[in-house]
Structure formats: structure tokens, C-alpha cells
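Novice: Have a look at the structure that comes next, please.
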Amino acid sequence: MNITGLQTWSAHEFRLETCTVVGCTSSASVLSRTQESAPIGPVGLAVNVSSAQSVLVFWTPVRAANGLLQYDVYFSGPFYSKRSVFLLFHLLSCFICSTLNSRQ
């Protein structure tokens with residue numbers, strides 16, 4: 001049996017029941033989640049200078065996450081030899097970059 005038309009990254013509970021004229025029995029419930037897909041909608045990004053050595057980076061969430069989100073905040077500048085990457089978890093909506101040193 002192939003069940004189609006489910007939403008992306010949605011949780012479902014499945015249970016099978018079988019019956020005769022005398023009665024029924026059923027399986028244990030099985031929980032499952034559909035696969036992730038790409039997020040939908042733009043991300044609004046803003047940066048505010050908060051001191052001589054730090055900035056406040058914040059953004060708006062996408063319209064539909066369609067999975068567990070990971071936000072990657074990149075920064076570069078004339079004084080950095082490598083692009084720095086901060087991996088942020090899906091629940092974060094703000095990150096303060098203090099002492100803007102490139103992580104090597």
C-alpha cells in the first residue's frame with residue numbers, strides 16, 4: 001500500500017486492524033515522519049552594529065521549514081583570510097558575533 005498526498009515533514013501514526021465476523025485484532029501503532037524538503041520562502045537578514053567589536057545578526061524565519069532547519073551565518077571582510085562559519089540550530093533567531101575573529 002502506498003499512501004500519497006502527505007505533507008512534507010509531517011508525523012503520522014499507522015495501525016492495522018483485521019477482522020472476521022467474530023471480532024477484530026490490531027497491530028501496535030507505528031509512528032513515522034515523511035522526508036524533509038527544501039524550505040519555502042525568503043529569509044530576511046539584518047545586521048546591526050552593537051559595539052566596536054561586535055554586531056547583532058538576526059533574521060526572519062522562512063514561511064515553511066519543511067524539516068529541521070540549520071542556519072549558517074557567513075561573514076568575511078578585508079582583514080580575514082578565511083570565511084568564518086557559525087552553525088546555528090533551528091530554534092535560534094538571533095546570534096551576537098562578538099570579537100569578530102576568523103575561526104581557523
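Quick note on naming: the chains in the C-alpha cells go A, B, ... in the order shown, residues restart at 1 in each chain, and ligands are numbered from 1 in order of appearance.
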As a list in words, please: the residues near A:Thr60 (cut-off 9 Å, only C-alpha atoms, same-chain neighbours under 5 positions excluded).

Specialist: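 Contacts, with the query itself left out: Pro42, Val43, Gly44, Leu45, Ala46 and Ser93 of chain A.
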
Novice: Could the residues in this selection be saved with N, CA and C atoms as a PDB file, in the first residue's frame?

Specialist:
ATOM      1  N   PRO A  42      11.597  33.338   1.417  1.00  0.00           N
ATOM      2  CA  PRO A  42      12.876  34.019   1.633  1.00  0.00           C
ATOM      3  C   PRO A  42      13.172  34.195   3.122  1.00  0.00           C
ATOM      4  N   VAL A  43      14.435  34.383   3.410  1.00  0.00           N
ATOM      5  CA  VAL A  43      14.885  34.702   4.765  1.00  0.00           C
ATOM      6  C   VAL A  43      15.288  36.165   4.760  1.00  0.00           C
ATOM      7  N   GLY A  44      14.669  36.971   5.619  1.00  0.00           N
ATOM      8  CA  GLY A  44      15.051  38.370   5.738  1.00  0.00           C
ATOM      9  C   GLY A  44      16.221  38.500   6.700  1.00  0.00           C
ATOM     10  N   LEU A  45      17.323  39.056   6.253  1.00  0.00           N
ATOM     11  CA  LEU A  45      18.540  39.169   7.060  1.00  0.00           C
ATOM     12  C   LEU A  45      18.822  40.630   7.366  1.00  0.00           C
ATOM     13  N   ALA A  46      19.231  40.892   8.618  1.00  0.00           N
ATOM     14  CA  ALA A  46      19.634  42.243   9.014  1.00  0.00           C
ATOM     15  C   ALA A  46      20.826  42.146   9.960  1.00  0.00           C
ATOM     16  N   SER A  93      16.974  32.552  16.535  1.00  0.00           N
ATOM     17  CA  SER A  93      16.588  33.604  15.598  1.00  0.00           C
ATOM     18  C   SER A  93      17.515  34.800  15.703  1.00  0.00           C
TER      19      SER A  93
END

Novice: Here is a test: counting only C-alpha atoms, which residue of A:Phe75, A:Leu16, A:Gln7, A:Ala65 is nearest to A:Gly41?

Specialist: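 Among A:Phe75, A:Leu16, A:Gln7, A:Ala65, it is A:Ala65 that comes nearest to A:Gly41.
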
Novice: Per residue of stretch 46-74 of chain A within 9 Å of stretch 19-40 of chain A, what are the shortest atom pair and its distance in Å to one decimal, counting only C-alpha atoms, with rows by chain and residue number, as JSON lines?

Specialist:
{"residue": "A:Val62", "atom": "CA", "partner": "A:Ile40", "partner_atom": "CA", "distance": 6.1}
{"residue": "A:Arg63", "atom": "CA", "partner": "A:Ile40", "partner_atom": "CA", "distance": 5.8}
{"residue": "A:Ala64", "atom": "CA", "partner": "A:Ile40", "partner_atom": "CA", "distance": 5.1}
{"residue": "A:Ala65", "atom": "CA", "partner": "A:Pro39", "partner_atom": "CA", "distance": 4.8}
{"residue": "A:Asn66", "atom": "CA", "partner": "A:Pro39", "partner_atom": "CA", "distance": 5.5}
{"residue": "A:Gly67", "atom": "CA", "partner": "A:Glu36", "partner_atom": "CA", "distance": 4.8}
{"residue": "A:Leu68", "atom": "CA", "partner": "A:Glu36", "partner_atom": "CA", "distance": 7.8}
{"residue": "A:Leu69", "atom": "CA", "partner": "A:Pro39", "partner_atom": "CA", "distance": 8.1}

Novice: I need the chosen residues saved as a PDB file, in the first residue's frame, with N, CA and C atoms.

Specialist:
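Produced file out.pdb, reproduced below:
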ATOM      1  N   VAL A  62      11.673  31.333   7.582  1.00  0.00           N
ATOM      2  CA  VAL A  62      11.066  31.018   6.291  1.00  0.00           C
ATOM      3  C   VAL A  62       9.587  30.726   6.496  1.00  0.00           C
ATOM      4  N   ARG A  63       8.812  30.778   5.440  1.00  0.00           N
ATOM      5  CA  ARG A  63       7.360  30.551   5.525  1.00  0.00           C
ATOM      6  C   ARG A  63       7.050  29.108   5.922  1.00  0.00           C
ATOM      7  N   ALA A  64       7.773  28.142   5.361  1.00  0.00           N
ATOM      8  CA  ALA A  64       7.571  26.729   5.677  1.00  0.00           C
ATOM      9  C   ALA A  64       8.936  26.069   5.838  1.00  0.00           C
ATOM     10  N   ALA A  65       9.223  25.559   7.028  1.00  0.00           N
ATOM     11  CA  ALA A  65      10.531  24.962   7.298  1.00  0.00           C
ATOM     12  C   ALA A  65      10.734  23.658   6.527  1.00  0.00           C
ATOM     13  N   ASN A  66       9.729  22.830   6.441  1.00  0.00           N
ATOM     14  CA  ASN A  66       9.790  21.530   5.751  1.00  0.00           C
ATOM     15  C   ASN A  66      10.895  20.627   6.266  1.00  0.00           C
ATOM     16  N   GLY A  67      11.255  20.752   7.548  1.00  0.00           N
ATOM     17  CA  GLY A  67      12.275  19.911   8.160  1.00  0.00           C
ATOM     18  C   GLY A  67      12.974  20.654   9.281  1.00  0.00           C
ATOM     19  N   LEU A  68      14.026  20.045   9.794  1.00  0.00           N
ATOM     20  CA  LEU A  68      14.829  20.690  10.835  1.00  0.00           C
ATOM     21  C   LEU A  68      15.784  21.661  10.163  1.00  0.00           C
ATOM     22  N   LEU A  69      15.680  22.909  10.518  1.00  0.00           N
ATOM     23  CA  LEU A  69      16.494  23.943   9.868  1.00  0.00           C
ATOM     24  C   LEU A  69      17.850  24.090  10.535  1.00  0.00           C
TER      25      LEU A  69
END

Novice: Quick one: pull the distance between atom CA of A:Asn48 and atom CA of A:Asp72, Å, one decimal.

Specialist: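 Separation between atom CA of A:Asn48 and atom CA of A:Asp72: 17.6 Å.
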
Novice: To one decimal in Å, tell me the separation between atom CA of A:Pro61 and atom CA of A:Ala11.

Specialist: 21.2 Å

Novice: In Å, how far is it from atom CA of A:Gln70 to atom CA of A:Ala52?

Specialist: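 The value is 28.2 Å.
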